[in-house]
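J.: So that you have it, the file is work08.pdb, and it contains PDB, C-alpha atoms:
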ATOM      1  CA  GLN J   1     -85.032  58.460 -85.717  1.00  0.00           C
ATOM      2  CA  ILE J   2     -83.360  61.149 -83.617  1.00  0.00           C
ATOM      3  CA  LEU J   3     -83.650  59.030 -80.483  1.00  0.00           C
ATOM      4  CA  ALA J   4     -82.154  56.017 -82.258  1.00  0.00           C
ATOM      5  CA  GLY J   5     -79.289  58.149 -83.568  1.00  0.00           C
ATOM      6  CA  VAL J   6     -78.555  59.577 -80.124  1.00  0.00           C
ATOM      7  CA  LYS J   7     -78.454  56.101 -78.578  1.00  0.00           C
ATOM      8  CA  LYS J   8     -76.139  54.898 -81.346  1.00  0.00           C
ATOM      9  CA  LEU J   9     -73.724  57.743 -80.673  1.00  0.00           C
ATOM     10  CA  GLY J  10     -73.688  56.792 -77.001  1.00  0.00           C
ATOM     11  CA  GLU J  11     -72.967  53.160 -77.848  1.00  0.00           C
ATOM     12  CA  ARG J  12     -70.050  54.113 -80.091  1.00  0.00           C
ATOM     13  CA  ALA J  13     -68.706  56.530 -77.441  1.00  0.00           C
ATOM     14  CA  GLU J  14     -66.482  58.443 -79.837  1.00  0.00           C
ATOM     15  CA  PRO J  15     -65.197  61.767 -78.404  1.00  0.00           C
ATOM     16  CA  GLY J  16     -66.160  63.653 -81.565  1.00  0.00           C
ATOM     17  CA  ALA J  17     -69.805  62.715 -81.078  1.00  0.00           C
ATOM     18  CA  SER J  18     -70.153  64.953 -78.041  1.00  0.00           C
ATOM     19  CA  LYS J  19     -70.385  68.171 -80.065  1.00  0.00           C
ATOM     20  CA  PRO J  20     -73.518  67.292 -82.092  1.00  0.00           C
ATOM     21  CA  LEU J  21     -75.136  65.985 -78.903  1.00  0.00           C
ATOM     22  CA  MET J  22     -74.439  69.276 -77.126  1.00  0.00           C
ATOM     23  CA  VAL J  23     -75.879  71.209 -80.080  1.00  0.00           C
ATOM     24  CA  LEU J  24     -78.969  69.011 -79.901  1.00  0.00           C
ATOM     25  CA  LEU J  25     -79.370  69.685 -76.169  1.00  0.00           C
ATOM     26  CA  GLU J  26     -79.087  73.431 -76.738  1.00  0.00           C
ATOM     27  CA  SER J  27     -82.122  73.208 -79.031  1.00  0.00           C
ATOM     28  CA  GLY J  28     -84.329  72.048 -76.140  1.00  0.00           C
ATOM     29  CA  PRO J  29     -85.415  68.603 -77.414  1.00  0.00           C
ATOM     30  CA  LYS J  30     -88.235  66.459 -76.013  1.00  0.00           C
ATOM     31  CA  ASP J  31     -87.774  64.747 -72.654  1.00  0.00           C
ATOM     32  CA  LYS J  32     -86.831  61.272 -73.916  1.00  0.00           C
ATOM     33  CA  ILE J  33     -84.299  62.701 -76.352  1.00  0.00           C
ATOM     34  CA  THR J  34     -82.882  65.008 -73.676  1.00  0.00           C
ATOM     35  CA  GLU J  35     -82.340  62.102 -71.285  1.00  0.00           C
ATOM     36  CA  ALA J  36     -80.843  59.901 -74.005  1.00  0.00           C
ATOM     37  CA  ALA J  37     -78.473  62.682 -75.090  1.00  0.00           C
ATOM     38  CA  LEU J  38     -77.296  63.204 -71.513  1.00  0.00           C
ATOM     39  CA  ASP J  39     -76.762  59.442 -71.129  1.00  0.00           C
ATOM     40  CA  ALA J  40     -74.767  59.443 -74.357  1.00  0.00           C
ATOM     41  CA  LEU J  41     -72.555  62.307 -73.160  1.00  0.00           C
ATOM     42  CA  GLY J  42     -71.865  60.295 -70.016  1.00  0.00           C
ATOM     43  CA  ALA J  43     -70.887  57.279 -72.099  1.00  0.00           C
ATOM     44  CA  ILE J  44     -68.579  59.406 -74.264  1.00  0.00           C
ATOM     45  CA  SER J  45     -67.036  61.073 -71.167  1.00  0.00           C
ATOM     46  CA  ASN J  46     -65.616  64.058 -73.008  1.00  0.00           C
ATOM     47  CA  PRO J  47     -64.632  66.891 -70.588  1.00  0.00           C
ATOM     48  CA  ASP J  48     -65.835  69.399 -73.200  1.00  0.00           C
ATOM     49  CA  SER J  49     -69.406  68.450 -72.305  1.00  0.00           C
ATOM     50  CA  ILE J  50     -69.049  69.405 -68.620  1.00  0.00           C
ATOM     51  CA  PRO J  51     -70.575  72.930 -68.990  1.00  0.00           C
ATOM     52  CA  VAL J  52     -73.667  71.532 -70.733  1.00  0.00           C
ATOM     53  CA  LEU J  53     -74.075  68.772 -68.146  1.00  0.00           C
ATOM     54  CA  ILE J  54     -73.734  71.289 -65.298  1.00  0.00           C
ATOM     55  CA  GLU J  55     -76.414  73.415 -66.964  1.00  0.00           C
ATOM     56  CA  TYR J  56     -78.760  70.419 -67.100  1.00  0.00           C
ATOM     57  CA  MET J  57     -78.054  69.671 -63.428  1.00  0.00           C
ATOM     58  CA  GLY J  58     -80.176  72.776 -62.867  1.00  0.00           C
ATOM     59  CA  HIS J  59     -83.042  71.608 -65.112  1.00  0.00           C
ATOM     60  CA  ARG J  60     -86.619  72.092 -63.877  1.00  0.00           C
ATOM     61  CA  ARG J  61     -87.310  68.326 -63.999  1.00  0.00           C
ATOM     62  CA  ALA J  62     -85.694  66.268 -61.239  1.00  0.00           C
ATOM     63  CA  LYS J  63     -85.413  63.191 -63.484  1.00  0.00           C
ATOM     64  CA  VAL J  64     -83.306  65.150 -65.968  1.00  0.00           C
ATOM     65  CA  ARG J  65     -81.104  66.432 -63.141  1.00  0.00           C
ATOM     66  CA  VAL J  66     -80.528  62.837 -61.976  1.00  0.00           C
ATOM     67  CA  VAL J  67     -79.524  61.765 -65.494  1.00  0.00           C
ATOM     68  CA  ALA J  68     -77.168  64.755 -65.743  1.00  0.00           C
ATOM     69  CA  VAL J  69     -75.598  63.871 -62.365  1.00  0.00           C
ATOM     70  CA  ASN J  70     -74.992  60.280 -63.449  1.00  0.00           C
ATOM     71  CA  ALA J  71     -73.610  61.426 -66.794  1.00  0.00           C
ATOM     72  CA  ILE J  72     -71.155  63.970 -65.409  1.00  0.00           C
ATOM     73  CA  ALA J  73     -69.909  61.419 -62.867  1.00  0.00           C
ATOM     74  CA  GLU J  74     -68.474  59.418 -65.778  1.00  0.00           C
ATOM     75  CA  ILE J  75     -66.009  62.200 -66.612  1.00  0.00           C
ATOM     76  CA  LYS J  76     -62.672  62.501 -64.812  1.00  0.00           C
ATOM     77  CA  ASP J  77     -62.142  66.188 -64.118  1.00  0.00           C
ATOM     78  CA  LYS J  78     -61.759  68.408 -61.040  1.00  0.00           C
ATOM     79  CA  LYS J  79     -64.858  70.392 -62.023  1.00  0.00           C
ATOM     80  CA  VAL J  80     -66.965  67.232 -61.752  1.00  0.00           C
ATOM     81  CA  VAL J  81     -66.357  66.771 -58.023  1.00  0.00           C
ATOM     82  CA  GLU J  82     -67.419  70.358 -57.314  1.00  0.00           C
ATOM     83  CA  ALA J  83     -70.549  69.927 -59.433  1.00  0.00           C
ATOM     84  CA  LEU J  84     -71.477  66.729 -57.592  1.00  0.00           C
ATOM     85  CA  LYS J  85     -70.888  68.398 -54.232  1.00  0.00           C
ATOM     86  CA  SER J  86     -73.301  71.157 -55.258  1.00  0.00           C
ATOM     87  CA  ALA J  87     -75.898  68.565 -56.277  1.00  0.00           C
ATOM     88  CA  LEU J  88     -75.932  67.266 -52.690  1.00  0.00           C
ATOM     89  CA  GLY J  89     -77.892  70.405 -51.857  1.00  0.00           C
ATOM     90  CA  ASP J  90     -80.541  69.887 -54.550  1.00  0.00           C
ATOM     91  CA  SER J  91     -84.170  70.371 -53.554  1.00  0.00           C
ATOM     92  CA  ASP J  92     -85.101  66.871 -54.742  1.00  0.00           C
ATOM     93  CA  GLU J  93     -84.340  63.726 -52.736  1.00  0.00           C
ATOM     94  CA  THR J  94     -83.575  61.583 -55.804  1.00  0.00           C
ATOM     95  CA  VAL J  95     -80.990  64.078 -57.061  1.00  0.00           C
ATOM     96  CA  ARG J  96     -79.273  64.253 -53.673  1.00  0.00           C
ATOM     97  CA  LYS J  97     -79.223  60.450 -53.547  1.00  0.00           C
ATOM     98  CA  ALA J  98     -77.706  60.220 -57.046  1.00  0.00           C
ATOM     99  CA  ALA J  99     -75.057  62.809 -56.145  1.00  0.00           C
ATOM    100  CA  ALA J 100     -74.058  60.920 -52.988  1.00  0.00           C
ATOM    101  CA  TYR J 101     -73.737  57.627 -54.863  1.00  0.00           C
ATOM    102  CA  ALA J 102     -71.784  59.350 -57.643  1.00  0.00           C
ATOM    103  CA  LEU J 103     -69.314  60.905 -55.212  1.00  0.00           C
ATOM    104  CA  GLY J 104     -68.725  57.493 -53.639  1.00  0.00           C
ATOM    105  CA  ARG J 105     -67.994  55.964 -57.034  1.00  0.00           C
ATOM    106  CA  TYR J 106     -65.831  58.911 -58.060  1.00  0.00           C
ATOM    107  CA  GLY J 107     -63.295  58.185 -55.356  1.00  0.00           C
ATOM    108  CA  ASP J 108     -62.246  61.699 -54.317  1.00  0.00           C
ATOM    109  CA  PRO J 109     -61.694  61.898 -50.516  1.00  0.00           C
ATOM    110  CA  SER J 110     -62.036  65.698 -50.637  1.00  0.00           C
ATOM    111  CA  ALA J 111     -65.804  65.118 -50.615  1.00  0.00           C
ATOM    112  CA  ILE J 112     -65.812  63.621 -47.098  1.00  0.00           C
ATOM    113  CA  ASP J 113     -66.659  66.821 -45.202  1.00  0.00           C
ATOM    114  CA  ILE J 114     -69.527  67.805 -47.463  1.00  0.00           C
ATOM    115  CA  LEU J 115     -70.848  64.225 -47.389  1.00  0.00           C
ATOM    116  CA  PHE J 116     -71.044  64.455 -43.593  1.00  0.00           C
ATOM    117  CA  LYS J 117     -72.934  67.740 -43.955  1.00  0.00           C
ATOM    118  CA  ALA J 118     -75.307  66.026 -46.381  1.00  0.00           C
ATOM    119  CA  PHE J 119     -75.750  63.138 -43.950  1.00  0.00           C
ATOM    120  CA  ASP J 120     -76.665  65.632 -41.238  1.00  0.00           C
ATOM    121  CA  ARG J 121     -79.221  67.114 -43.655  1.00  0.00           C
ATOM    122  CA  ASN J 122     -81.030  63.820 -44.129  1.00  0.00           C
ATOM    123  CA  VAL J 123     -79.155  62.326 -47.100  1.00  0.00           C
ATOM    124  CA  PRO J 124     -78.651  58.786 -45.705  1.00  0.00           C
ATOM    125  CA  GLU J 125     -76.911  57.621 -48.899  1.00  0.00           C
ATOM    126  CA  ALA J 126     -74.002  59.853 -47.919  1.00  0.00           C
ATOM    127  CA  ALA J 127     -73.027  57.199 -45.336  1.00  0.00           C
ATOM    128  CA  ILE J 128     -72.342  54.745 -48.176  1.00  0.00           C
ATOM    129  CA  ALA J 129     -70.122  57.245 -49.999  1.00  0.00           C
ATOM    130  CA  ILE J 130     -68.277  57.993 -46.747  1.00  0.00           C
ATOM    131  CA  GLY J 131     -67.609  54.268 -46.340  1.00  0.00           C
ATOM    132  CA  GLN J 132     -66.293  54.093 -49.899  1.00  0.00           C
ATOM    133  CA  LEU J 133     -63.999  57.107 -49.604  1.00  0.00           C
ATOM    134  CA  GLY J 134     -63.015  57.638 -45.983  1.00  0.00           C
ATOM    135  CA  GLY J 135     -60.077  56.589 -43.886  1.00  0.00           C
ATOM    136  CA  VAL J 136     -59.999  55.634 -40.216  1.00  0.00           C
ATOM    137  CA  ASP J 137     -60.751  59.219 -39.158  1.00  0.00           C
ATOM    138  CA  ALA J 138     -63.921  59.246 -41.258  1.00  0.00           C
ATOM    139  CA  MET J 139     -64.916  55.879 -39.822  1.00  0.00           C
ATOM    140  CA  GLU J 140     -64.494  57.201 -36.269  1.00  0.00           C
ATOM    141  CA  ARG J 141     -66.564  60.221 -37.219  1.00  0.00           C
ATOM    142  CA  LEU J 142     -69.343  58.040 -38.630  1.00  0.00           C
ATOM    143  CA  ALA J 143     -69.202  55.842 -35.545  1.00  0.00           C
ATOM    144  CA  GLY J 144     -69.993  58.942 -33.515  1.00  0.00           C
ATOM    145  CA  TYR J 145     -73.540  58.707 -34.866  1.00  0.00           C
ATOM    146  CA  LEU J 146     -74.087  55.295 -33.262  1.00  0.00           C
ATOM    147  CA  GLY J 147     -76.903  55.573 -30.761  1.00  0.00           C
ATOM    148  CA  LYS J 148     -77.955  58.920 -32.274  1.00  0.00           C
ATOM    149  CA  SER J 149     -78.955  57.966 -35.822  1.00  0.00           C
ATOM    150  CA  PRO J 150     -80.960  54.889 -36.884  1.00  0.00           C
ATOM    151  CA  LEU J 151     -78.693  51.869 -37.256  1.00  0.00           C
ATOM    152  CA  ASP J 152     -80.278  51.012 -40.615  1.00  0.00           C
ATOM    153  CA  ILE J 153     -78.803  54.109 -42.262  1.00  0.00           C
ATOM    154  CA  LEU J 154     -75.372  53.634 -40.650  1.00  0.00           C
ATOM    155  CA  LYS J 155     -74.912  49.931 -41.433  1.00  0.00           C
ATOM    156  CA  PRO J 156     -74.414  50.424 -45.209  1.00  0.00           C
ATOM    157  CA  GLY J 157     -71.567  52.849 -44.491  1.00  0.00           C
ATOM    158  CA  PHE J 158     -69.873  50.439 -42.093  1.00  0.00           C
ATOM    159  CA  SER J 159     -70.349  47.636 -44.630  1.00  0.00           C
ATOM    160  CA  GLU J 160     -68.416  49.681 -47.190  1.00  0.00           C
ATOM    161  CA  PHE J 161     -65.551  50.218 -44.742  1.00  0.00           C
ATOM    162  CA  LEU J 162     -65.483  46.529 -43.782  1.00  0.00           C
ATOM    163  CA  ASN J 163     -65.534  45.269 -47.364  1.00  0.00           C
ATOM    164  CA  ARG J 164     -62.762  47.521 -48.671  1.00  0.00           C
ATOM    165  CA  ALA J 165     -59.440  45.819 -49.345  1.00  0.00           C
ATOM    166  CA  ASP J 166     -57.629  49.153 -48.874  1.00  0.00           C
ATOM    167  CA  PHE J 167     -59.142  49.933 -45.469  1.00  0.00           C
ATOM    168  CA  PRO J 168     -56.776  49.153 -42.547  1.00  0.00           C
ATOM    169  CA  LEU J 169     -57.378  46.046 -40.454  1.00  0.00           C
ATOM    170  CA  LYS J 170     -57.201  48.101 -37.253  1.00  0.00           C
ATOM    171  CA  GLY J 171     -60.061  50.216 -38.596  1.00  0.00           C
ATOM    172  CA  LYS J 172     -62.169  47.141 -39.302  1.00  0.00           C
ATOM    173  CA  LEU J 173     -61.533  45.787 -35.823  1.00  0.00           C
ATOM    174  CA  ALA J 174     -62.476  49.165 -34.368  1.00  0.00           C
ATOM    175  CA  ILE J 175     -65.803  49.080 -36.243  1.00  0.00           C
ATOM    176  CA  ILE J 176     -66.567  45.626 -34.848  1.00  0.00           C
ATOM    177  CA  ASP J 177     -65.673  46.759 -31.309  1.00  0.00           C
ATOM    178  CA  LYS J 178     -67.903  49.822 -31.576  1.00  0.00           C
ATOM    179  CA  LEU J 179     -70.815  47.770 -32.882  1.00  0.00           C
ATOM    180  CA  MET J 180     -70.336  45.153 -30.167  1.00  0.00           C
ATOM    181  CA  GLU J 181     -70.695  47.904 -27.561  1.00  0.00           C
ATOM    182  CA  LEU J 182     -74.253  48.482 -28.778  1.00  0.00           C
ATOM    183  CA  ALA J 183     -75.096  44.762 -28.777  1.00  0.00           C
ATOM    184  CA  GLY J 184     -78.656  43.725 -29.644  1.00  0.00           C
ATOM    185  CA  PRO J 185     -80.055  41.274 -32.227  1.00  0.00           C
ATOM    186  CA  GLU J 186     -79.696  43.695 -35.148  1.00  0.00           C
ATOM    187  CA  ILE J 187     -75.957  44.103 -34.521  1.00  0.00           C
ATOM    188  CA  LYS J 188     -75.555  40.354 -34.035  1.00  0.00           C
ATOM    189  CA  GLU J 189     -77.245  39.611 -37.365  1.00  0.00           C
ATOM    190  CA  PHE J 190     -75.170  42.277 -39.160  1.00  0.00           C
ATOM    191  CA  LEU J 191     -71.903  40.832 -37.842  1.00  0.00           C
ATOM    192  CA  LYS J 192     -73.002  37.267 -38.572  1.00  0.00           C
ATOM    193  CA  GLN J 193     -73.693  38.177 -42.198  1.00  0.00           C
ATOM    194  CA  TYR J 194     -70.338  39.942 -42.478  1.00  0.00           C
ATOM    195  CA  ALA J 195     -68.475  37.004 -40.926  1.00  0.00           C
ATOM    196  CA  SER J 196     -70.196  34.506 -43.225  1.00  0.00           C
ATOM    197  CA  GLY J 197     -68.723  36.286 -46.235  1.00  0.00           C
ATOM    198  CA  LEU J 198     -65.126  36.157 -44.996  1.00  0.00           C
ATOM    199  CA  PRO J 199     -62.624  33.527 -46.174  1.00  0.00           C
ATOM    200  CA  ALA J 200     -62.255  30.667 -43.700  1.00  0.00           C
ATOM    201  CA  GLU J 201     -58.620  31.529 -42.990  1.00  0.00           C
ATOM    202  CA  THR J 202     -59.338  35.177 -42.132  1.00  0.00           C
TER     203      THR J 202
END
What does the file become when written as structure tokens?
T.:
Amino acid sequence: QILAGVKKLGERAEPGASKPLMVLLESGPKDKITEAALDALGAISNPDSIPVLIEYMGHRRAKVRVVAVNAIAEIKDKKVVEALKSALGDSDETVRKAAAYALGRYGDPSAIDILFKAFDRNVPEAAIAIGQLGGVDAMERLAGYLGKSPLDILKPGFSEFLNRADFPLKGKLAIIDKLMELAGPEIKEFLKQYASGLPAET
């Protein structure tokens, strides 16, 4: 019954529902209820729940930390970006991955530097977030890894740059030039797939 009630509150997403959910979380409920309550707080997106969500981002169970990361990423507040940046240093790979994806969705370019640090520390998903957030300078910086890092973990980042309507044409052409310098069948296939998705008049 509690689980059903928590899910219902999340579906209704009324700001006033965040308080009883936070009280419930403070009581230390069972795992399924904890995760559902965190999901519901994300759906409600009330900034008042940020302290509780940050607390659960330090939970002993990695799965709970992932749910808390995804929930807090639904709230528009300056504190959220800082919390997500901190989660990039989590001890668990799935939490770091969730934090990188969340920062990319969040759309705050101030995360670029720390995303590069995360990429250097073996968080490959950071390349995707960099492609979603960065400008030409960030693209050039990511291109500096060509020939040093596996192409498979760089391609998703370049795909994000190439598919963004707000990314400058000169930047897209620069990506293609840099990839062409490497040559090889993998690059050829990547560019063929990209070209096949472009409008005929482009």
J.: As a check of understanding, name the residues that the PyMOL selection byres ((chain J and resi 55) around 12) selects in the supplied structure, as a PyMOL selection string.
T.: chain J and resi 22+25-26+38+49-54+56-60+64-65+68-69+72+83+87
J.: Take the PyMOL selection byres ((chain J and resi 81) around 8), run it mentally on this structure, and tell me the resulting residues as a VMD selection string.
T.: chain J and resid 77 to 80 82 to 85 103 106 108 111
J.: Given the file shown, enumerate the residues that the PyMOL selection byres ((chain J and resi 129-132) around 6) captures and present them as a PyMOL selection string.
T.: chain J and resi 104+126-128+133-134+157+160-161
J.: So which one's closest to Ile153 in chain J, J:Gly107, J:Pro20, J:Pro29, J:Pro124? Using all atoms listed in the file, please.
T.: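 Checking each candidate against Ile153 in chain J, we get J:Pro124 as the closest.
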J.: Mind giving me the straight-line distance from CA of Asp137 in chain J to CA of Gly171 in chain J in Å, one decimal?
T.: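 CA of Gly171 in chain J lies at a distance of 9.0 Å from CA of Asp137 in chain J.
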J.: Can you measure CA of Tyr194 in chain J to CA of Pro156 in chain J for me? One decimal in Å is fine.
T.: 11.6 Å
J.: May I ask for the distance between CA of Ile114 in chain J and CA of Ser86 in chain J, given in Å to one decimal place?
T.: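 One can read the CA of Ile114 in chain J to CA of Ser86 in chain J distance as 9.3 Å.
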J.: Within 10 Å of range 184-192 of chain J, counting only C-alpha atoms, which residues qualify if same-chain residues fewer than 5 places away don't, as an MDAnalysis selection string?
T.: chainID J and resid 151:152 155 159 176 179 197
J.: Go ahead and dump the residues you just picked, C-alpha atoms, as an mmCIF file, keeping the file's coordinate frame.
T.:
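Saved result, result.cif, follows:
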data_model
loop_
_atom_site.group_PDB
_atom_site.id
_atom_site.type_symbol
_atom_site.label_atom_id
_atom_site.label_comp_id
_atom_site.auth_asym_id
_atom_site.auth_seq_id
_atom_site.Cartn_x
_atom_site.Cartn_y
_atom_site.Cartn_z
ATOM 1 C CA LEU J 151 -78.693 51.869 -37.256
ATOM 2 C CA ASP J 152 -80.278 51.012 -40.615
ATOM 3 C CA LYS J 155 -74.912 49.931 -41.433
ATOM 4 C CA SER J 159 -70.349 47.636 -44.630
ATOM 5 C CA ILE J 176 -66.567 45.626 -34.848
ATOM 6 C CA LEU J 179 -70.815 47.770 -32.882
ATOM 7 C CA GLY J 197 -68.723 36.286 -46.235
#
J.: May I have the centre and edge lengths, in Å to one decimal, of an axis-aligned box around the listed atoms of range 117-125 of chain J with 8 Å added to every side, as AutoDock Vina command-line options?
T.:
--center_x -77.0 --center_y 62.7 --center_z -45.1 --size_x 24.1 --size_y 26.1 --size_z 23.7
J.: When you count all atoms listed in the file, which of these residues is closest to Ala36 in chain J: J:Glu181, J:Leu24, J:Ala165, J:Pro199?
T.: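 Counting all atoms listed in the file, the residue closest to Ala36 in chain J is J:Leu24.
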J.: Which is closest to Ala138 in chain J among J:Ile175, J:Ala62, J:Ile33, J:Ala13, if we use only C-alpha atoms?
T.: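 Checking each of J:Ile175, J:Ala62, J:Ile33, J:Ala13 against Ala138 in chain J, counting only C-alpha atoms, the winner is J:Ile175.
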